[in-house]
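Asks: Can you keep this structure in mind? I'll have questions shortly.
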Amino acid sequence: MKFKKNKEVKTIFNKISYKYDFLNTLLSFGLHKLWKKKLVYLLNPKDGEVWADLCCGTGDLTFLICKQVYPNGSIIGIDSANEILNIAKKKSELTKNKFIKWESKDVLEINESSKLFDGICMSYGLRNLNSVEEGLTKVFNLLSVKGRAGFLDFHHSCRNSLPEIFQRLYLRLMVVPISRIFHLSQEYEYIEESIRNFPNRDELIKIALKVGFREIEYRTIFFDQMGIFILVK
Ligand SMILES: C[S@@+](CC[C@H](N)C(=O)[O-])C[C@H]1O[C@@H](n2cnc3c(N)ncnc32)[C@H](O)[C@@H]1O
């Protein structure tokens with residue numbers, strides 16, 4: 001399944017929303033929480049800063065950043081799929097968290113004359129956008145001077161390298177069969193192709209330079225399975 005239109009992405013994430021957190025934790029053995037914490041640690045949001053979590057999904061990163069910018073800063077979680085965003089909102093209600101703002105919006109359509117952010121983060125979102133370059137340009141334009149951004153996603157390794165073979169087998173032999181139990185295999189089958197269509201480390205760096213970022217760092221974690229991309233404007 002190839003995502004060509006935002007509408008398709010929205011449909012997929014609305015459909016899997018009710019099992020999203022459960023499957024994320026099951027399929028990563030809970031490790032996605034550690035990887036997200038690592039991203040937040042590297043970004044180091046501070047009390048008083050203004051942050052946005054783009055493609056926030058059910059809000060894992062949004063809640064982590066909230067703890068760091070509270071009480072003088074602000075954090076907004078933005079996602080285009082209403083069903084998944086509703087889960088984030090429900091989590092806020094359950095924990096009586098009135099600090100986080102949630103907004104249903106396509107990130108590529110965020111108004112750039114709205115307020116600028118000290119920091120922007122995105123986990124497993126950049127790969128799903130129609131255009132990575134457009135996404136990074138949007139992030140650049142939404143950041144204040146010296147603002148920083150961090151992205152966590154699957155790492156696109158060289159074809160037939162050990163990490164790539166492991167990733168392919170993991171997706172084909174574990175992710176797709178387990179999601180099939182929940183009648184969601186079609187929705188999870190797209191991941192392998194989306195990684196192949198996602199720029200690799202060198203290509204991401206090239207795009208970030210073209211967009212205008214001054215400081216760029218890309219590192220892999222968990223045996224080259226995931227990539228963390230940190231950018232400073
Ligand atoms: C794989 S999920 C990641 C969710 C969350 N960040 C996490 O790490 O658990 C990707 C999310 O990106 C959202 N998304 C994809 N394209 C988007 C777009 N153009 N604008 C806003 N949200 C988008 C989807 O609705 C989905 O919630």
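Naming works like this for the structure tokens: A, B, ... for the chains as they're shown, residue 1 at the start of each chain, ligands 1 onward in shown order.
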With a distance cut-off of 8 Å and only C-alpha atoms, select the neighbouring residues of Ile65 in chain A, excluding the residue or stretch itself and same-chain residues fewer than 2 positions from it, and output the selection as a PyMOL selection string.
Replies: chain A and resi 40+45+51+61-63+67-69+75
Asks: Name the residues, by chain letter and number, that sit within 9 Å of ligand 1 using only C-alpha atoms and all ligand atoms, and give them as a PyMOL selection string.
Replies: chain A and resi 5-7+9-14+17+20-21+24+32-33+36+53-62+78-85+104-110+121-130+135+152-153
Asks: Restrict the selected residues to C-alpha atoms and save them as a tab-separated table (two decimals), in the first residue's frame.
Replies:
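Result went into result36.tsv, see below:
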chain	number	residue	atom	x	y	z
A	5	LYS	CA	-2.63	11.25	-0.42
A	6	ASN	CA	-2.98	12.59	3.10
A	7	LYS	CA	-6.54	11.29	3.03
A	9	VAL	CA	-2.96	8.24	5.79
A	10	LYS	CA	-5.80	9.73	7.78
A	11	THR	CA	-8.06	6.77	7.01
A	12	ILE	CA	-5.40	4.28	8.07
A	13	PHE	CA	-4.63	5.96	11.38
A	14	ASN	CA	-8.27	6.52	12.18
A	17	SER	CA	-6.43	4.18	16.45
A	20	TYR	CA	-2.57	1.84	18.26
A	21	ASP	CA	-1.03	2.10	21.75
A	24	ASN	CA	2.93	-0.23	19.49
A	32	HIS	CA	9.22	2.64	21.69
A	33	LYS	CA	8.76	4.36	25.05
A	36	LYS	CA	10.86	8.45	22.67
A	53	ASP	CA	4.57	17.65	18.79
A	54	LEU	CA	3.64	17.19	15.12
A	55	CYS	CA	1.89	13.98	13.99
A	56	CYS	CA	1.37	13.45	17.73
A	57	GLY	CA	-0.91	10.40	17.42
A	58	THR	CA	-2.03	9.34	20.88
A	59	GLY	CA	0.37	11.87	22.44
A	60	ASP	CA	3.26	9.85	23.91
A	61	LEU	CA	5.84	12.51	23.10
A	62	THR	CA	3.45	15.37	23.91
A	78	ILE	CA	-1.14	18.28	16.29
A	79	ASP	CA	-2.44	15.39	14.18
A	80	SER	CA	-4.72	15.10	11.16
A	81	ALA	CA	-6.52	11.89	12.23
A	82	ASN	CA	-9.38	12.76	14.58
A	83	GLU	CA	-9.87	9.27	16.03
A	84	ILE	CA	-6.27	8.96	17.17
A	85	LEU	CA	-6.27	12.55	18.47
A	104	SER	CA	-6.64	18.46	14.46
A	105	LYS	CA	-4.70	19.62	11.42
A	106	ASP	CA	-2.53	18.50	8.54
A	107	VAL	CA	0.96	19.58	9.57
A	108	LEU	CA	1.73	20.75	6.05
A	109	GLU	CA	-1.17	23.18	6.37
A	110	ILE	CA	-0.16	24.82	9.67
A	121	CYS	CA	9.33	17.02	17.70
A	122	MET	CA	7.90	14.27	15.54
A	123	SER	CA	7.99	10.54	16.08
A	124	TYR	CA	7.12	8.21	13.22
A	125	GLY	CA	5.49	11.13	11.42
A	126	LEU	CA	7.99	12.46	8.88
A	127	ARG	CA	7.92	9.14	6.95
A	128	ASN	CA	4.16	9.44	6.57
A	129	LEU	CA	4.10	12.95	5.12
A	130	ASN	CA	3.55	13.47	1.40
A	135	GLY	CA	7.74	18.67	6.15
A	152	LEU	CA	12.41	9.62	15.57
A	153	ASP	CA	11.63	7.08	12.88
Asks: As a ChimeraX atom specification, please: all residues of range 13-179 of chain A that backbone DSSP puts in strand (DSSP E).
Replies: /A:50-54,74-79,101-104,117-123,143-154
Asks: Hey, what's within 9 Å of Asn72 in chain A if we count only C-alpha atoms and toss same-chain stuff fewer than 4 positions away? As a list of chain:residue names, please?
Replies: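 Here the qualifying residues turn out to be A:Asp47, A:Gly48, A:Glu49.
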Asks: Between CA of Met174 in chain A and CA of Phe154 in chain A, what is the distance in Å, rounded to a tenth?
Replies: 15.7 Å
Asks: Nearest to Pro71 in chain A among A:Ala149, A:Ile100, A:Ile195, A:Leu143, with distances taken over only C-alpha atoms: which residue is it?
Replies: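 Nearest to Pro71 in chain A: A:Ile100.
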Asks: In Å, how far is it from CA of Phe117 in chain A to CA of Gly147 in chain A?
Replies: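 The value is 6.9 Å.
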Asks: Mind listing the helix (DSSP H, G or I) residues of range 37-96 of chain A, per DSSP on the backbone, as a VMD selection string?
Replies: chain A and resid 37 to 43 60 to 69 82 to 94
Asks: For CA of Ile221 in chain A and CA of Leu34 in chain A, determine how far apart the two atoms are, in Å to one decimal place.
Replies: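 Separation between CA of Ile221 in chain A and CA of Leu34 in chain A: 10.6 Å.
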Asks: Please provide as a VMD selection string all residues within 7 Å of range 206-209 of chain A, with the sequence filter that same-chain residues fewer than 3 positions apart are discarded (counting only C-alpha atoms).
Replies: chain A and resid 133 136 202 to 203 212 to 213
Asks: Once you have the residues from the selection above, write them out as a short mmCIF file (atom, residue, chain, number, x, y, z; two decimals), in the first residue's frame, restricted to N, CA and C atoms.
Replies:
data_model
loop_
_atom_site.label_atom_id
_atom_site.label_comp_id
_atom_site.auth_asym_id
_atom_site.auth_seq_id
_atom_site.Cartn_x
_atom_site.Cartn_y
_atom_site.Cartn_z
N GLU A 133 10.72 16.85 2.31
CA GLU A 133 11.28 18.20 2.17
C GLU A 133 10.25 19.26 2.59
N LEU A 136 10.11 19.20 6.40
CA LEU A 136 11.24 19.86 7.07
C LEU A 136 11.20 21.38 6.85
N ASP A 202 22.02 9.94 4.61
CA ASP A 202 22.67 10.97 3.79
C ASP A 202 21.65 11.85 3.08
N GLU A 203 20.58 11.21 2.61
CA GLU A 203 19.55 11.99 1.90
C GLU A 203 18.84 12.95 2.86
N GLY A 212 17.91 24.69 5.09
CA GLY A 212 18.57 25.81 5.77
C GLY A 212 18.98 25.56 7.20
N PHE A 213 18.84 24.34 7.71
CA PHE A 213 19.24 24.07 9.10
C PHE A 213 20.76 24.23 9.24
#
Asks: Just want the 8 Å neighbourhood of range 183-187 of chain A, counted on only C-alpha atoms, with same-chain residues fewer than 6 positions away dropped. Output as a PyMOL selection string.
Replies: chain A and resi 1+12+16+176-177
Asks: Which residue gives the smallest distance to Arg172 in chain A among A:Gly30, A:Phe99, A:Glu193, A:Ile120, with only C-alpha atoms counted?
Replies: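 Comparing A:Gly30, A:Phe99, A:Glu193, A:Ile120 against Arg172 in chain A, the winner is A:Glu193.
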Asks: Would you mind telling me which residue in A:Ile230, A:Glu103, A:Leu23, A:Glu8 lies nearest to Ile181 in chain A when using only C-alpha atoms?
Replies: A:Leu23
Asks: Using only C-alpha atoms, can you tell me which of A:Lys98, A:Lys46, A:Arg201, A:Lys90 comes closest to Phe229 in chain A?
Replies: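 Ranking A:Lys98, A:Lys46, A:Arg201, A:Lys90 by distance to Phe229 in chain A, first place goes to A:Arg201.
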Asks: Pick from A:Glu134, A:Lys101, A:Pro163, A:Phe198: nearest to Thr220 in chain A, with only C-alpha atoms counted?
Replies: A:Pro163
Asks: Would you please work out which residue, of A:Ser113, A:Gln225, A:Asn197, A:Asn86, is nearest to Glu164 in chain A when using only C-alpha atoms?
Replies: A:Gln225
